[in-house]
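J.: Okay, handing you the structure first.
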Amino acid sequence: MSDDPGVVLHALSPRGCLNLRGDLREAGFRNATATATGVELPLEPRTWRFAGDTAVYWLGPDEWLIVVPAGREADLERGLRDTLAGSFSIVDTSGANCFLNLSGPAVGRVLQKSSPYDFHPRNFPAGRCVQTVFAKASALVAGQADGSFDLVVRRSYADYVRLWIEDAAEEYGLARR
Amino acid sequence: MLRIYCPYCQEVRSEEEFSYAGEAHIRRPEDPGALSDTEWGEYLHFRTNARGPHREMWVHAAGCRRYFNVLRDTVSYEILEVYPMGTPPPDDTSGDRA
């Protein structure tokens with residue numbers, strides 16, 4: 001194995017997650033979420049936005065994943081419930097998600113092995129996010145400004161996905177962080 | 001392997017991400033209790049089984065998890081049309097049940 005790893009796998013620390021569902025046609029839903037989270041809801045499919053340490057991912061036309069540093073989700077949930085009116089749903093999914101970051105010159109190769117989705121930068125630049133099949137499990141993959149990829153995987157699949165990545169990345173040289 | 005356009009993700013995606021969810025536009029009877037066994041059996045079990053264009057539901061299971069309707073040719077597997085749930089079937093010549 002060479003000294004320069006082709007792929008760097010970084011297991012990120014747990015974070016606070018809220019799954020938000022609501023109807024964009026309802027007056028005030030967009031503004032109220034932006035006020036409570038400090039991030040404009042991404043309305044364009046397959047995009048995510050962040051401000052400070054809060055990130056919001058598009059999951060569907062009426063569904064978003066809000067990610068904050070661990071421990072802040074309860075306050076944010078209270079804030080959202082105080083601000084939002086009408087019908088909406090907020091579920092704390094912090095315990096359900098694990099966060100990984102993949103980087104390195106061969107990261108594209110590992111993603112190609114793992115998923116049918118086209119993660120080439122021309123199709124998937126920074127600011128994009130997509131839920132797709134990943135190593136026969138599923139993952140939310142988000143393109144970062146530094147060219148790396150954040151993966152949000154189900155807690156119960158996290159070990160399997162990590163082992164899969166370790167195996168898939170071995171031939172390019174893998175460094176773990 | 002089919003490549004299917006998801007009307008919510010607004011992108012063509014691999015069949016692996018989707019699940020088939022049966023024939024589309026089958027209305028649940030308003031008052032099931034009023035039906036004869038034959039009528040209820042027809043509703044539960046009998047499907048068009050079209051040879052040619054077929055209206056069916058798919059769910060983007062590994063993606064946005066939304067259901068939508070597809071008009072697919074069961075002979076050539078060509079997807080002729082994709083449209084969201086809740087919209088009536090667009091006019092066509094397939095002769096399927098509405």
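By order of appearance in the structure tokens: chains A, B, ..., then residues from 1 within every chain, and ligands from 1 in the order shown.
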Kindly assemble as JSON lines a list of the chain A residues that lie within 6 Å of chain B, each paired with its nearest atom pair and their distance in Å to one decimal, using only C-alpha atoms, sorted first by chain and then by ascending residue number.
T.:
{"residue": "A:Pro45", "atom": "CA", "partner": "B:Cys9", "partner_atom": "CA", "distance": 5.4}
{"residue": "A:Leu59", "atom": "CA", "partner": "B:Cys64", "partner_atom": "CA", "distance": 5.7}
{"residue": "A:Gly60", "atom": "CA", "partner": "B:Cys64", "partner_atom": "CA", "distance": 5.0}
{"residue": "A:Gln131", "atom": "CA", "partner": "B:Gly63", "partner_atom": "CA", "distance": 4.7}
{"residue": "A:Thr132", "atom": "CA", "partner": "B:Ala62", "partner_atom": "CA", "distance": 5.1}
{"residue": "A:Val133", "atom": "CA", "partner": "B:Ala62", "partner_atom": "CA", "distance": 5.8}
J.: Going by DSSP on the backbone, which bits of segment 136-165 of chain A are strand (DSSP E or B)? Write them as a PyMOL selection string, please.
T.: chain A and resi 137-143+149-154
J.: Just how far from atom CA of Tyr83 of chain B is atom CA of Arg47 of chain B, in Å to one decimal?
T.: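 Interatomic distance here is 20.5 Å.
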J.: When you look at Glu42 of chain B with a cut-off of 12 Å (counting only C-alpha atoms), what residues show up, excluding the ones that are within fewer than 4 positions of it in the same chain? I need them as a list of chain:residue names.
T.: B:Ile26, B:Arg27, B:Arg28, B:Pro29, B:Pro32, B:Leu35, B:Ser36, B:Asp37, B:Thr38, B:Phe46, B:Arg47, B:Thr48
J.: For the residues in the current selection, export C-alpha atoms as a PDB file, in the first residue's frame.
T.:
ATOM      1  CA  ILE B  26     -57.861   0.670  -9.092  1.00  0.00           C
ATOM      2  CA  ARG B  27     -60.573   2.299  -7.026  1.00  0.00           C
ATOM      3  CA  ARG B  28     -61.482   0.822  -3.663  1.00  0.00           C
ATOM      4  CA  PRO B  29     -65.254   0.286  -3.627  1.00  0.00           C
ATOM      5  CA  PRO B  32     -67.342  -2.978   0.381  1.00  0.00           C
ATOM      6  CA  LEU B  35     -70.613  -6.005  -2.813  1.00  0.00           C
ATOM      7  CA  SER B  36     -71.252  -9.611  -3.739  1.00  0.00           C
ATOM      8  CA  ASP B  37     -68.414 -12.076  -3.172  1.00  0.00           C
ATOM      9  CA  THR B  38     -67.820 -12.102  -6.910  1.00  0.00           C
ATOM     10  CA  PHE B  46     -58.390  -9.546 -10.900  1.00  0.00           C
ATOM     11  CA  ARG B  47     -56.030  -7.322 -12.866  1.00  0.00           C
ATOM     12  CA  THR B  48     -55.820  -6.160 -16.462  1.00  0.00           C
TER      13      THR B  48
END
J.: For the atom pair atom CA of Val152 of chain A and atom CA of Leu65 of chain A, what is the interatomic distance in Å to one decimal place?
T.: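 Spanning atom CA of Val152 of chain A to atom CA of Leu65 of chain A is a straight-line distance of 10.4 Å.
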J.: Excluding Gly147 of chain A and residues on its chain fewer than 5 positions from it, collect all residues at most 10 Å away from it, counting only C-alpha atoms, and give them as a tab-separated table (two decimals) with N, CA and C atoms, in the first residue's frame.
T.:
chain	number	residue	atom	x	y	z
A	102	LEU	N	-16.25	10.53	3.10
A	102	LEU	CA	-15.32	9.85	2.18
A	102	LEU	C	-14.60	10.91	1.36
A	103	SER	N	-13.28	10.81	1.30
A	103	SER	CA	-12.52	11.75	0.47
A	103	SER	C	-11.34	11.01	-0.15
A	104	GLY	N	-10.53	11.74	-0.87
A	104	GLY	CA	-9.35	11.13	-1.49
A	104	GLY	C	-9.50	11.03	-3.00
A	105	PRO	N	-8.37	10.89	-3.71
A	105	PRO	CA	-8.39	10.88	-5.18
A	105	PRO	C	-9.20	9.73	-5.79
A	107	VAL	N	-11.96	8.40	-4.47
A	107	VAL	CA	-13.28	8.29	-3.84
A	107	VAL	C	-14.37	7.99	-4.87
A	121	PRO	N	-18.51	14.71	-10.67
A	121	PRO	CA	-18.77	16.12	-10.33
A	121	PRO	C	-19.66	16.85	-11.33
A	125	PRO	N	-22.26	18.02	-8.32
A	125	PRO	CA	-21.33	18.99	-7.74
A	125	PRO	C	-21.63	19.23	-6.25
A	126	ALA	N	-20.80	19.99	-5.59
A	126	ALA	CA	-21.05	20.35	-4.19
A	126	ALA	C	-22.43	20.99	-4.08
J.: Name all residues at most 9 Å from segment 154-165 of chain A (count only C-alpha atoms; drop same-chain ones fewer than 5 positions away) and give them as a ChimeraX atom specification.
T.: /A:9,11,95-100,110-111,114,134-135,137-139,170
J.: May I have the residues within 12 Å of Phe29 of chain A as an mmCIF file with C-alpha atoms, in the first residue's frame, using only C-alpha atoms and disregarding those fewer than 3 positions away in the same chain?
T.:
data_model
loop_
_atom_site.group_PDB
_atom_site.id
_atom_site.type_symbol
_atom_site.label_atom_id
_atom_site.label_comp_id
_atom_site.auth_asym_id
_atom_site.auth_seq_id
_atom_site.Cartn_x
_atom_site.Cartn_y
_atom_site.Cartn_z
ATOM 1 C CA LEU A 20 -39.334 17.517 8.957
ATOM 2 C CA ARG A 21 -42.425 17.089 6.813
ATOM 3 C CA GLY A 22 -44.790 19.836 5.783
ATOM 4 C CA ASP A 23 -46.740 21.309 2.903
ATOM 5 C CA LEU A 24 -45.064 24.102 0.960
ATOM 6 C CA ARG A 25 -48.487 25.324 -0.171
ATOM 7 C CA GLU A 26 -49.317 26.206 3.415
ATOM 8 C CA ALA A 32 -41.223 29.648 9.729
ATOM 9 C CA THR A 33 -38.703 26.859 9.085
ATOM 10 C CA ALA A 34 -36.117 29.352 7.879
ATOM 11 C CA THR A 35 -36.647 31.428 11.026
ATOM 12 C CA ALA A 36 -36.357 28.457 13.375
ATOM 13 C CA GLU A 40 -33.613 28.502 3.836
ATOM 14 C CA LEU A 41 -35.384 25.255 2.952
ATOM 15 C CA ASP A 62 -42.480 17.655 1.394
ATOM 16 C CA LEU A 80 -39.834 24.587 15.217
ATOM 17 C CA ARG A 81 -42.965 23.495 17.062
ATOM 18 C CA THR A 83 -42.897 28.649 15.094
ATOM 19 C CA LEU A 84 -44.766 26.316 12.748
ATOM 20 C CA ALA A 85 -48.524 26.378 12.360
ATOM 21 C CA GLY A 86 -50.902 24.117 10.479
ATOM 22 C CA SER A 87 -50.107 20.503 9.735
ATOM 23 C CA PHE A 88 -46.509 19.358 9.896
ATOM 24 C CA SER A 89 -44.466 16.531 11.354
#
